[in-house]
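Engineer: This is start.cif (mmCIF, C-alpha atoms).
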```cif
data_final
loop_
_atom_site.label_atom_id
_atom_site.label_comp_id
_atom_site.auth_asym_id
_atom_site.auth_seq_id
_atom_site.Cartn_x
_atom_site.Cartn_y
_atom_site.Cartn_z
CA MET R 969 -19.89 -18.69 -12.29
CA THR R 970 -16.67 -17.47 -13.90
CA ALA R 971 -13.78 -17.15 -11.48
CA ILE R 972 -12.78 -13.54 -10.87
CA LEU R 973 -9.22 -12.28 -11.08
CA PRO R 974 -8.18 -8.64 -10.69
CA ASP R 975 -7.79 -6.41 -13.72
CA PHE R 976 -5.38 -4.21 -11.80
CA ILE R 977 -3.28 -4.29 -8.64
CA ILE R 978 -2.03 -1.41 -6.50
CA ILE R 979 1.48 -2.74 -5.83
CA GLY R 980 2.81 0.00 -3.54
CA ALA R 981 4.40 1.86 -2.04
CA MET R 982 3.82 1.25 1.64
CA LYS R 983 2.84 4.40 3.57
CA ALA R 984 2.25 6.28 0.33
CA GLY R 985 -1.55 6.39 0.28
CA THR R 986 -2.44 2.87 -0.87
CA THR R 987 -5.19 2.54 1.73
CA THR R 988 -6.71 5.90 0.85
CA LEU R 989 -6.61 5.00 -2.84
CA TYR R 990 -8.16 1.61 -2.09
CA GLU R 991 -11.01 3.31 -0.22
CA TYR R 992 -11.70 5.70 -3.09
CA LEU R 993 -11.73 2.88 -5.64
CA ALA R 994 -13.93 0.67 -3.48
CA ARG R 995 -16.65 3.34 -3.66
CA HIS R 996 -16.70 3.50 -7.45
CA PRO R 997 -19.77 1.68 -8.84
CA ALA R 998 -17.77 0.01 -11.62
CA ILE R 999 -14.95 -1.29 -9.41
CA GLY R 1000 -14.92 -4.35 -7.19
CA MET R 1001 -12.01 -4.18 -4.79
CA SER R 1002 -10.89 -7.26 -2.86
CA ARG R 1003 -12.68 -7.89 0.43
CA GLU R 1004 -9.35 -7.70 2.25
CA LYS R 1005 -7.39 -4.66 1.18
CA GLU R 1006 -4.01 -6.41 1.40
CA THR R 1007 -4.61 -9.92 0.18
CA ASP R 1008 -0.86 -10.66 -0.05
CA PHE R 1009 -1.95 -13.54 -2.26
CA PHE R 1010 1.10 -13.59 -4.51
CA ILE R 1011 3.50 -13.82 -1.55
CA GLU R 1012 4.71 -17.38 -1.15
CA THR R 1013 5.04 -17.15 2.65
CA ARG R 1014 1.67 -15.42 3.10
CA ASN R 1015 -1.52 -16.38 1.24
CA TRP R 1016 -0.22 -18.05 -1.94
CA PRO R 1017 -0.61 -21.52 -0.34
CA ARG R 1018 -4.33 -20.82 0.22
CA GLY R 1019 -4.92 -21.31 -3.49
CA LEU R 1020 -6.96 -19.73 -6.23
CA ALA R 1021 -10.33 -20.55 -4.69
CA TRP R 1022 -9.48 -18.33 -1.72
CA TYR R 1023 -8.29 -15.54 -4.02
CA HIS R 1024 -11.36 -15.71 -6.26
CA ALA R 1025 -13.57 -15.44 -3.18
CA GLN R 1026 -12.05 -12.03 -2.42
CA PHE R 1027 -14.05 -10.50 -5.29
CA ALA R 1028 -17.83 -10.17 -5.40
CA PRO R 1029 -19.35 -10.51 -8.90
CA GLY R 1030 -21.17 -7.79 -10.78
CA ARG R 1031 -18.49 -5.15 -11.43
CA ALA R 1032 -16.75 -4.06 -14.60
CA ARG R 1033 -13.25 -3.93 -13.10
CA TYR R 1034 -11.62 -5.70 -10.17
CA GLY R 1035 -8.58 -4.79 -8.13
CA GLU R 1036 -6.62 -5.24 -4.94
CA ALA R 1037 -3.91 -3.31 -3.07
CA SER R 1038 -0.94 -5.07 -1.49
CA PRO R 1039 2.07 -2.77 -0.91
CA ASN R 1040 4.11 -5.77 0.23
CA TYR R 1041 4.33 -6.66 -3.46
CA THR R 1042 7.09 -4.05 -3.84
CA LYS R 1043 9.28 -5.35 -1.03
CA MET R 1044 11.38 -7.72 -3.11
CA GLN R 1045 14.01 -8.35 -0.43
CA ALA R 1046 11.39 -9.64 2.01
CA PHE R 1047 8.98 -11.17 -0.53
CA PRO R 1048 10.73 -12.30 -3.73
CA GLY R 1049 9.03 -13.80 -6.78
CA VAL R 1050 5.80 -11.79 -6.69
CA PRO R 1051 5.99 -10.25 -10.21
CA ALA R 1052 6.60 -13.65 -11.82
CA ARG R 1053 3.56 -15.16 -10.07
CA VAL R 1054 1.32 -12.26 -11.11
CA ALA R 1055 2.57 -12.43 -14.72
CA ALA R 1056 1.93 -16.18 -14.88
CA LEU R 1057 -1.63 -15.89 -13.57
CA ILE R 1058 -2.72 -12.46 -14.90
CA PRO R 1059 -0.41 -11.54 -17.80
CA GLY R 1060 -2.59 -8.57 -18.83
CA CYS R 1061 -2.84 -7.09 -15.35
CA LYS R 1062 -2.52 -3.32 -14.97
CA LEU R 1063 -0.33 -2.03 -12.16
CA ILE R 1064 -0.67 1.12 -10.06
CA PHE R 1065 2.27 2.44 -8.05
CA ILE R 1066 1.89 5.49 -5.84
CA ALA R 1067 5.08 7.22 -4.73
CA ARG R 1068 5.79 9.58 -1.86
CA ASP R 1069 8.87 11.64 -1.05
CA PRO R 1070 11.17 8.69 -0.24
CA VAL R 1071 12.52 10.13 3.01
CA ASP R 1072 9.06 11.10 4.27
CA ARG R 1073 7.81 7.65 3.33
CA ALA R 1074 10.61 5.95 5.29
CA VAL R 1075 9.93 8.14 8.31
CA SER R 1076 6.22 7.32 8.13
CA GLN R 1077 7.00 3.59 7.92
CA TYR R 1078 9.22 3.84 11.00
CA ARG R 1079 6.50 5.65 12.94
CA HIS R 1080 3.94 3.09 11.78
CA ALA R 1081 6.16 0.25 13.01
CA VAL R 1082 6.67 1.86 16.43
CA LEU R 1083 2.97 2.62 16.93
CA SER R 1084 2.04 -0.91 15.80
CA GLY R 1085 4.28 -2.42 18.48
CA GLU R 1086 6.82 -3.92 16.07
CA PRO R 1087 10.29 -4.64 17.52
CA VAL R 1088 12.19 -1.78 15.89
CA PRO R 1089 15.24 -0.09 17.44
CA PRO R 1090 15.08 3.46 18.79
CA PRO R 1091 16.42 6.21 16.52
CA ALA R 1092 19.85 6.20 18.19
CA ALA R 1093 20.30 2.52 17.30
CA LEU R 1094 19.04 2.78 13.71
CA PRO R 1095 22.34 3.59 11.91
CA GLY R 1096 23.82 0.40 10.51
CA SER R 1097 20.78 -1.67 11.50
CA HIS R 1098 18.70 -4.06 9.42
CA ALA R 1099 15.67 -1.92 10.29
CA LEU R 1100 17.17 1.18 8.63
CA GLN R 1101 18.16 -0.84 5.58
CA HIS R 1102 14.58 -2.11 5.28
CA LEU R 1103 13.27 1.47 5.37
CA ILE R 1104 15.70 2.45 2.63
CA ASP R 1105 14.99 -0.63 0.51
CA THR R 1106 11.25 0.06 0.57
CA SER R 1107 11.82 3.66 -0.55
CA ALA R 1108 14.11 2.55 -3.41
CA TYR R 1109 11.27 2.73 -5.89
CA ALA R 1110 13.27 2.12 -9.08
CA ALA R 1111 14.92 -0.95 -7.59
CA GLN R 1112 11.62 -2.33 -6.32
CA LEU R 1113 10.00 -1.86 -9.72
CA ALA R 1114 12.81 -3.51 -11.70
CA PRO R 1115 11.49 -7.07 -11.20
CA TRP R 1116 8.03 -5.90 -12.30
CA LEU R 1117 9.41 -4.30 -15.46
CA ALA R 1118 11.07 -7.61 -16.30
CA HIS R 1119 7.59 -9.16 -16.60
CA PHE R 1120 5.30 -6.28 -17.64
CA PRO R 1121 5.65 -3.54 -20.28
CA ARG R 1122 5.96 0.10 -19.22
CA GLU R 1123 2.45 0.86 -20.53
CA ALA R 1124 1.00 -1.54 -17.95
CA PHE R 1125 1.95 0.90 -15.17
CA LEU R 1126 0.27 4.01 -13.81
CA PHE R 1127 2.49 6.11 -11.54
CA LEU R 1128 0.79 8.40 -9.04
CA GLN R 1129 1.96 10.82 -6.35
CA PHE R 1130 0.87 10.64 -2.73
CA GLU R 1131 1.09 14.40 -2.25
CA SER R 1132 -1.13 14.97 -5.28
CA LEU R 1133 -3.67 12.44 -4.01
CA VAL R 1134 -3.89 14.37 -0.75
CA ALA R 1135 -3.95 17.85 -2.33
CA THR R 1136 -6.02 17.24 -5.49
CA PRO R 1137 -7.73 13.84 -5.26
CA ALA R 1138 -10.18 14.53 -8.09
CA ARG R 1139 -7.33 15.11 -10.55
CA VAL R 1140 -5.51 11.94 -9.48
CA LEU R 1141 -8.68 9.86 -9.64
CA SER R 1142 -9.32 11.15 -13.16
CA GLN R 1143 -5.96 9.63 -14.10
CA VAL R 1144 -7.06 6.34 -12.54
CA ALA R 1145 -10.39 6.42 -14.41
CA ALA R 1146 -8.64 6.94 -17.73
CA PHE R 1147 -6.11 4.20 -16.98
CA LEU R 1148 -8.86 1.70 -16.10
CA ASP R 1149 -11.22 2.91 -18.85
CA ILE R 1150 -14.13 3.63 -16.49
CA ALA R 1151 -16.38 6.63 -15.89
CA ASP R 1152 -14.70 9.50 -14.03
CA THR R 1153 -17.34 9.39 -11.31
CA TRP R 1154 -16.33 9.10 -7.64
CA PRO R 1155 -19.14 8.98 -5.05
CA ALA R 1156 -18.45 10.54 -1.65
CA LEU R 1157 -15.24 12.11 -2.95
CA ALA R 1158 -15.59 15.17 -0.76
CA THR R 1159 -16.05 13.16 2.43
CA GLN R 1160 -13.31 10.59 1.93
CA GLY R 1161 -10.33 11.38 4.14
CA ALA R 1162 -6.85 9.97 4.57
CA ALA R 1163 -6.93 6.39 5.80
CA ASN R 1164 -4.58 4.28 7.91
CA SER R 1165 -2.90 7.36 9.37
CA ALA R 1166 -0.36 7.27 12.17
CA ASP R 1167 -2.72 9.39 14.26
CA THR R 1168 -5.29 6.59 14.08
CA LEU R 1169 -2.71 3.95 15.02
CA ALA R 1170 -1.51 6.04 17.94
CA HIS R 1171 -4.93 5.87 19.59
CA LEU R 1172 -5.43 2.12 19.22
CA PRO R 1173 -4.59 0.03 22.31
CA GLY R 1174 -1.49 -2.17 22.25
CA TRP R 1175 -3.48 -5.35 22.88
CA LEU R 1176 -5.25 -4.87 19.53
CA PHE R 1177 -1.94 -5.18 17.65
CA ARG R 1178 -0.92 -8.21 19.70
CA LEU R 1179 -4.17 -9.97 18.83
CA ARG R 1180 -4.35 -9.06 15.14
CA GLN R 1181 -2.81 -12.30 13.87
CA THR R 1182 -4.83 -14.63 16.10
CA ARG R 1183 -7.54 -16.81 14.58
CA ALA R 1184 -10.27 -14.85 16.35
CA ALA R 1185 -9.00 -11.51 15.05
CA ILE R 1186 -8.66 -12.84 11.50
CA TRP R 1187 -12.20 -14.24 11.65
CA ILE R 1188 -13.61 -10.90 12.88
CA LYS R 1189 -11.79 -8.99 10.14
CA GLN R 1190 -13.09 -11.35 7.47
CA ALA R 1191 -16.64 -11.43 8.85
CA LEU R 1192 -17.10 -7.68 9.21
CA PRO R 1193 -17.52 -5.33 6.26
CA ARG R 1194 -14.74 -2.76 5.91
CA ASP R 1195 -16.89 0.00 7.45
CA GLY R 1196 -17.54 -2.33 10.38
CA VAL R 1197 -13.80 -2.76 11.00
CA THR R 1198 -13.42 1.03 10.96
CA LEU R 1199 -16.26 1.38 13.46
CA LEU R 1200 -14.70 -1.25 15.73
CA LYS R 1201 -11.41 0.64 15.74
CA ARG R 1202 -13.24 3.81 16.74
CA LEU R 1203 -14.96 2.02 19.60
CA VAL R 1204 -11.72 0.72 21.12
CA ALA R 1205 -9.64 3.85 20.42
CA ARG R 1206 -8.20 5.62 23.43
CA ARG R 1207 -8.54 9.33 24.08
CA HIS R 1208 -4.83 9.84 24.64
CA GLY R 1209 -2.60 8.49 21.89
CA ARG R 1210 0.89 7.02 22.07
CA SER R 1211 3.82 8.69 20.36
CA ALA R 1212 6.81 7.61 18.31
CA PRO R 1213 10.24 9.19 18.66
CA PRO R 1214 11.20 11.40 15.71
CA LEU R 1215 14.07 10.46 13.45
CA THR R 1216 17.01 12.84 13.66
CA ALA R 1217 18.04 15.17 10.87
CA ALA R 1218 21.21 13.09 10.47
CA ILE R 1219 19.24 9.89 9.87
CA ARG R 1220 16.92 11.64 7.42
CA ALA R 1221 19.95 12.99 5.58
CA GLU R 1222 21.51 9.52 5.41
CA ILE R 1223 18.30 8.05 3.99
CA GLY R 1224 18.11 10.79 1.37
CA ALA R 1225 21.75 10.43 0.36
CA ARG R 1226 21.53 6.68 -0.02
CA LEU R 1227 18.40 7.00 -2.15
CA ALA R 1228 19.60 9.82 -4.41
CA ASP R 1229 20.62 7.65 -7.37
CA ASP R 1230 17.51 5.48 -7.14
CA SER R 1231 15.28 8.56 -6.98
CA ALA R 1232 16.82 9.89 -10.19
CA ARG R 1233 16.20 6.57 -11.93
CA PHE R 1234 12.62 6.53 -10.70
CA ARG R 1235 11.96 10.04 -12.01
CA ALA R 1236 13.20 8.96 -15.44
CA LEU R 1237 11.10 5.80 -15.33
CA SER R 1238 7.87 7.27 -14.02
CA GLY R 1239 7.88 10.69 -15.63
CA LEU R 1240 7.04 12.23 -12.27
CA GLN R 1241 8.87 15.44 -11.44
CA ALA R 1242 10.02 13.92 -8.15
CA PRO R 1243 9.14 10.83 -6.11
CA GLY R 1244 6.03 12.31 -4.54
CA GLY R 1245 6.90 15.85 -5.59
CA PRO R 1246 4.65 18.44 -7.21
#
```
Please lay out the structure from this file as structure tokens.
Structural biologist:
Amino acid sequence: MTAILPDFIIIGAMKAGTTTLYEYLARHPAIGMSREKETDFFIETRNWPRGLAWYHAQFAPGRARYGEASPNYTKMQAFPGVPARVAALIPGCKLIFIARDPVDRAVSQYRHAVLSGEPVPPPAALPGSHALQHLIDTSAYAAQLAPWLAHFPREAFLFLQFESLVATPARVLSQVAAFLDIADTWPALATQGAANSADTLAHLPGWLFRLRQTRAAIWIKQALPRDGVTLLKRLVARRHGRSAPPLTAAIRAEIGARLADDSARFRALSGLQAPGGP
């Protein structure tokens, strides 16, 4: 049997709809998405050491196109060298990047981190912190894409908008179909909702996040189909959710100001009217 490698990769951005897009694509009859949504295969400190046999096994045969979605691939400060590894292994790979208003994206990432139990400082301690810099770096779309553009031509990229995916998914998915040269047919489109939302995280118990990197948790995630993982989350969800403190207007303004130049460069690069705008 011929080893399977992806024809396309959703490379980011984090908290900009990559999970929702993955779920849509996984339901298309011509597309075989990776068994694990975020394989993180091309990250040297994650799954790269597991080798090609592990990566090939992520894809079931019998589909016309194959893809995966790992938003960590556009976090170059934390995970350098990813574009070079992809280019060496899959030089003809197509790349999908979905952008969101950069300030809203950073705020969503902060909330996600708090609700997931990550050790992030409270809003009052964010200014000047490494945590705030990480939020800003991840929203610096033009900077994150620069290493990719050093290895892939501009025509290898499809740029999408999170807000458009939420408001008019059929139109966005038509763009994806044309980019991947597949039929513009999307089963269960009307019933597919936003995935991986903060509201869902808020109702999951803290012990679930503490156990997620244990061998038992990894085995369960790999053994269950994706719908089974979703069902398991529903079974353990609590009625009353936790909350995350909001970021102040001053912090939001600082994030926006520090990203202004990058956002302008990204608009010129992507052709989008705004990073996540209409």
Engineer: Tell me, as a PyMOL selection string, which residues lie within 10 Å of R:Leu1133, counting all atoms listed in the file; anything in the same chain fewer than 5 positions away does not count.
Structural biologist: chain R and resi 984-985+988-989+1066+1128+1138-1141+1162+1244
Engineer: Export, as a tab-separated table (two decimals), keeping the file's coordinate frame, the selected residues with C-alpha atoms.
Structural biologist:
```
chain	number	residue	atom	x	y	z
R	984	ALA	CA	2.25	6.28	0.33
R	985	GLY	CA	-1.55	6.39	0.28
R	988	THR	CA	-6.71	5.90	0.85
R	989	LEU	CA	-6.61	5.00	-2.84
R	1066	ILE	CA	1.89	5.49	-5.84
R	1128	LEU	CA	0.79	8.40	-9.04
R	1138	ALA	CA	-10.18	14.53	-8.09
R	1139	ARG	CA	-7.33	15.11	-10.55
R	1140	VAL	CA	-5.51	11.94	-9.48
R	1141	LEU	CA	-8.68	9.86	-9.64
R	1162	ALA	CA	-6.85	9.97	4.57
R	1244	GLY	CA	6.03	12.31	-4.54
```
Engineer: How would you write, as a VMD selection string, the residues chosen by the PyMOL selection byres ((chain R and resi 1036-1040) around 8) on this structure?
Structural biologist: chain R and resid 974 976 to 982 986 to 987 990 1001 to 1002 1005 to 1008 1034 to 1035 1041 to 1043 1047
Engineer: Next, the residues of the selection above should be written as an mmCIF file, keeping the file's coordinate frame with C-alpha atoms.
Structural biologist:
```cif
data_model
loop_
_atom_site.group_PDB
_atom_site.id
_atom_site.type_symbol
_atom_site.label_atom_id
_atom_site.label_comp_id
_atom_site.auth_asym_id
_atom_site.auth_seq_id
_atom_site.Cartn_x
_atom_site.Cartn_y
_atom_site.Cartn_z
ATOM 1 C CA PRO R 974 -8.180 -8.640 -10.690
ATOM 2 C CA PHE R 976 -5.380 -4.210 -11.800
ATOM 3 C CA ILE R 977 -3.280 -4.290 -8.640
ATOM 4 C CA ILE R 978 -2.030 -1.410 -6.500
ATOM 5 C CA ILE R 979 1.480 -2.740 -5.830
ATOM 6 C CA GLY R 980 2.810 0.000 -3.540
ATOM 7 C CA ALA R 981 4.400 1.860 -2.040
ATOM 8 C CA MET R 982 3.820 1.250 1.640
ATOM 9 C CA THR R 986 -2.440 2.870 -0.870
ATOM 10 C CA THR R 987 -5.190 2.540 1.730
ATOM 11 C CA TYR R 990 -8.160 1.610 -2.090
ATOM 12 C CA MET R 1001 -12.010 -4.180 -4.790
ATOM 13 C CA SER R 1002 -10.890 -7.260 -2.860
ATOM 14 C CA LYS R 1005 -7.390 -4.660 1.180
ATOM 15 C CA GLU R 1006 -4.010 -6.410 1.400
ATOM 16 C CA THR R 1007 -4.610 -9.920 0.180
ATOM 17 C CA ASP R 1008 -0.860 -10.660 -0.050
ATOM 18 C CA TYR R 1034 -11.620 -5.700 -10.170
ATOM 19 C CA GLY R 1035 -8.580 -4.790 -8.130
ATOM 20 C CA TYR R 1041 4.330 -6.660 -3.460
ATOM 21 C CA THR R 1042 7.090 -4.050 -3.840
ATOM 22 C CA LYS R 1043 9.280 -5.350 -1.030
ATOM 23 C CA PHE R 1047 8.980 -11.170 -0.530
#
```
Engineer: Which one of R:Thr1013, R:Pro1095, R:Gln1129, R:Asp1152 sits closest to R:Ala1218 if you count all atoms listed in the file?
Structural biologist: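 That would be R:Pro1095, the residue with the smallest distance to R:Ala1218.
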Engineer: Excluding same-chain residues fewer than 6 positions from stretch 1099-1108 of chain R, what lies within 10 Å of it counting only C-alpha atoms, as a ChimeraX atom specification?
Structural biologist: /R:980-984,1039-1040,1042-1046,1067-1078,1087-1089,1091,1093,1219,1222-1224,1226-1231,1233-1234,1243
Engineer: Of the candidates R:Arg1079, R:Cys1061, R:Gly1085, R:Ala1221, which shows the shortest atom-to-atom distance to R:Arg1033, using all atoms listed in the file?
Structural biologist: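 Closest residue, counting all atoms listed in the file: R:Cys1061.
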Engineer: Enter the distance from atom CA of R:Glu991 to atom CA of R:Pro1017, in Å, rounded to one decimal.
Structural biologist: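 Taking atom CA of R:Glu991 and atom CA of R:Pro1017, their separation equals 26.9 Å.
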Engineer: Out of R:Leu1083, R:Val1054, R:Leu1126, R:Ala1146, which residue has the shortest atom-to-atom distance to R:Leu1237 when counting only C-alpha atoms?
Structural biologist: R:Leu1126
Engineer: My list of candidates is R:Ile999, R:Leu1094, R:Leu1240, R:Leu993. Which is closest to R:Glu1131 when distances are computed with only C-alpha atoms?
Structural biologist: R:Leu1240
Engineer: Any chance you could resolve the PyMOL selection byres ((chain R and resi 1028) around 10) against this file and give the residues as an NGL selection string?
Structural biologist: :R and (972 or 1000-1003 or 1024-1027 or 1029-1031 or 1034)
Engineer: How far is it from atom CA of R:Phe1125 to atom CA of R:Leu1063, in Å with one decimal?
Structural biologist: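 So the two atoms, atom CA of R:Phe1125 and atom CA of R:Leu1063, lie 4.8 Å apart.
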Engineer: Work out how far apart atom CA of R:Val1082 and atom CA of R:Val1134 are and give it in Å to one decimal.
Structural biologist: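 One can read the atom CA of R:Val1082 to atom CA of R:Val1134 distance as 23.7 Å.
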Engineer: Counting only C-alpha atoms, find residues at most 8 Å from (1.0, -4.2, -21.5) (file frame) and give them as a list in words.
Structural biologist: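 Output of the proximity query reads Gly1060, Cys1061, Lys1062, Phe1120, Pro1121, Arg1122, Glu1123 and Ala1124 of chain R.
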Engineer: Add whatever atoms are absent from stretch 1039-1056 of chain R to reach N, CA and C atoms, and provide the output as a PDB file, in the frame of the given file.
Structural biologist:
```
ATOM      1  N   PRO R1039       0.768  -3.432  -0.795  1.00  0.00           N
ATOM      2  CA  PRO R1039       2.070  -2.770  -0.910  1.00  0.00           C
ATOM      3  C   PRO R1039       3.257  -3.677  -0.604  1.00  0.00           C
ATOM      4  N   ASN R1040       3.018  -4.826   0.019  1.00  0.00           N
ATOM      5  CA  ASN R1040       4.110  -5.770   0.230  1.00  0.00           C
ATOM      6  C   ASN R1040       4.641  -6.337  -1.090  1.00  0.00           C
ATOM      7  N   TYR R1041       3.884  -6.152  -2.166  1.00  0.00           N
ATOM      8  CA  TYR R1041       4.330  -6.660  -3.460  1.00  0.00           C
ATOM      9  C   TYR R1041       5.551  -5.917  -3.997  1.00  0.00           C
ATOM     10  N   THR R1042       5.870  -4.756  -3.442  1.00  0.00           N
ATOM     11  CA  THR R1042       7.090  -4.050  -3.840  1.00  0.00           C
ATOM     12  C   THR R1042       8.063  -3.993  -2.661  1.00  0.00           C
ATOM     13  N   LYS R1043       8.237  -5.143  -2.027  1.00  0.00           N
ATOM     14  CA  LYS R1043       9.280  -5.350  -1.030  1.00  0.00           C
ATOM     15  C   LYS R1043      10.031  -6.628  -1.435  1.00  0.00           C
ATOM     16  N   MET R1044      10.810  -6.518  -2.508  1.00  0.00           N
ATOM     17  CA  MET R1044      11.380  -7.720  -3.110  1.00  0.00           C
ATOM     18  C   MET R1044      12.373  -8.427  -2.209  1.00  0.00           C
ATOM     19  N   GLN R1045      13.053  -7.688  -1.323  1.00  0.00           N
ATOM     20  CA  GLN R1045      14.010  -8.350  -0.430  1.00  0.00           C
ATOM     21  C   GLN R1045      13.284  -9.282   0.550  1.00  0.00           C
ATOM     22  N   ALA R1046      12.148  -8.831   1.054  1.00  0.00           N
ATOM     23  CA  ALA R1046      11.390  -9.640   2.010  1.00  0.00           C
ATOM     24  C   ALA R1046      10.504 -10.666   1.313  1.00  0.00           C
ATOM     25  N   PHE R1047       9.972 -10.317   0.142  1.00  0.00           N
ATOM     26  CA  PHE R1047       8.980 -11.170  -0.530  1.00  0.00           C
ATOM     27  C   PHE R1047       9.338 -11.319  -2.011  1.00  0.00           C
ATOM     28  N   PRO R1048      10.315 -12.146  -2.334  1.00  0.00           N
ATOM     29  CA  PRO R1048      10.730 -12.300  -3.730  1.00  0.00           C
ATOM     30  C   PRO R1048       9.731 -13.113  -4.550  1.00  0.00           C
ATOM     31  N   GLY R1049       9.805 -12.961  -5.869  1.00  0.00           N
ATOM     32  CA  GLY R1049       9.030 -13.800  -6.780  1.00  0.00           C
ATOM     33  C   GLY R1049       7.632 -13.346  -7.081  1.00  0.00           C
ATOM     34  N   VAL R1050       7.183 -12.229  -6.496  1.00  0.00           N
ATOM     35  CA  VAL R1050       5.800 -11.790  -6.690  1.00  0.00           C
ATOM     36  C   VAL R1050       5.509 -11.434  -8.151  1.00  0.00           C
ATOM     37  N   PRO R1051       6.329 -10.612  -8.816  1.00  0.00           N
ATOM     38  CA  PRO R1051       5.990 -10.250 -10.210  1.00  0.00           C
ATOM     39  C   PRO R1051       5.846 -11.463 -11.123  1.00  0.00           C
ATOM     40  N   ALA R1052       6.688 -12.462 -10.961  1.00  0.00           N
ATOM     41  CA  ALA R1052       6.600 -13.650 -11.820  1.00  0.00           C
ATOM     42  C   ALA R1052       5.285 -14.385 -11.601  1.00  0.00           C
ATOM     43  N   ARG R1053       4.829 -14.462 -10.347  1.00  0.00           N
ATOM     44  CA  ARG R1053       3.560 -15.160 -10.070  1.00  0.00           C
ATOM     45  C   ARG R1053       2.381 -14.386 -10.668  1.00  0.00           C
ATOM     46  N   VAL R1054       2.398 -13.064 -10.537  1.00  0.00           N
ATOM     47  CA  VAL R1054       1.320 -12.260 -11.110  1.00  0.00           C
ATOM     48  C   VAL R1054       1.309 -12.409 -12.626  1.00  0.00           C
ATOM     49  N   ALA R1055       2.483 -12.336 -13.259  1.00  0.00           N
ATOM     50  CA  ALA R1055       2.570 -12.430 -14.720  1.00  0.00           C
ATOM     51  C   ALA R1055       2.083 -13.789 -15.220  1.00  0.00           C
ATOM     52  N   ALA R1056       2.364 -14.845 -14.470  1.00  0.00           N
ATOM     53  CA  ALA R1056       1.930 -16.180 -14.880  1.00  0.00           C
ATOM     54  C   ALA R1056       0.422 -16.341 -14.796  1.00  0.00           C
TER      55      ALA R1056
END
```
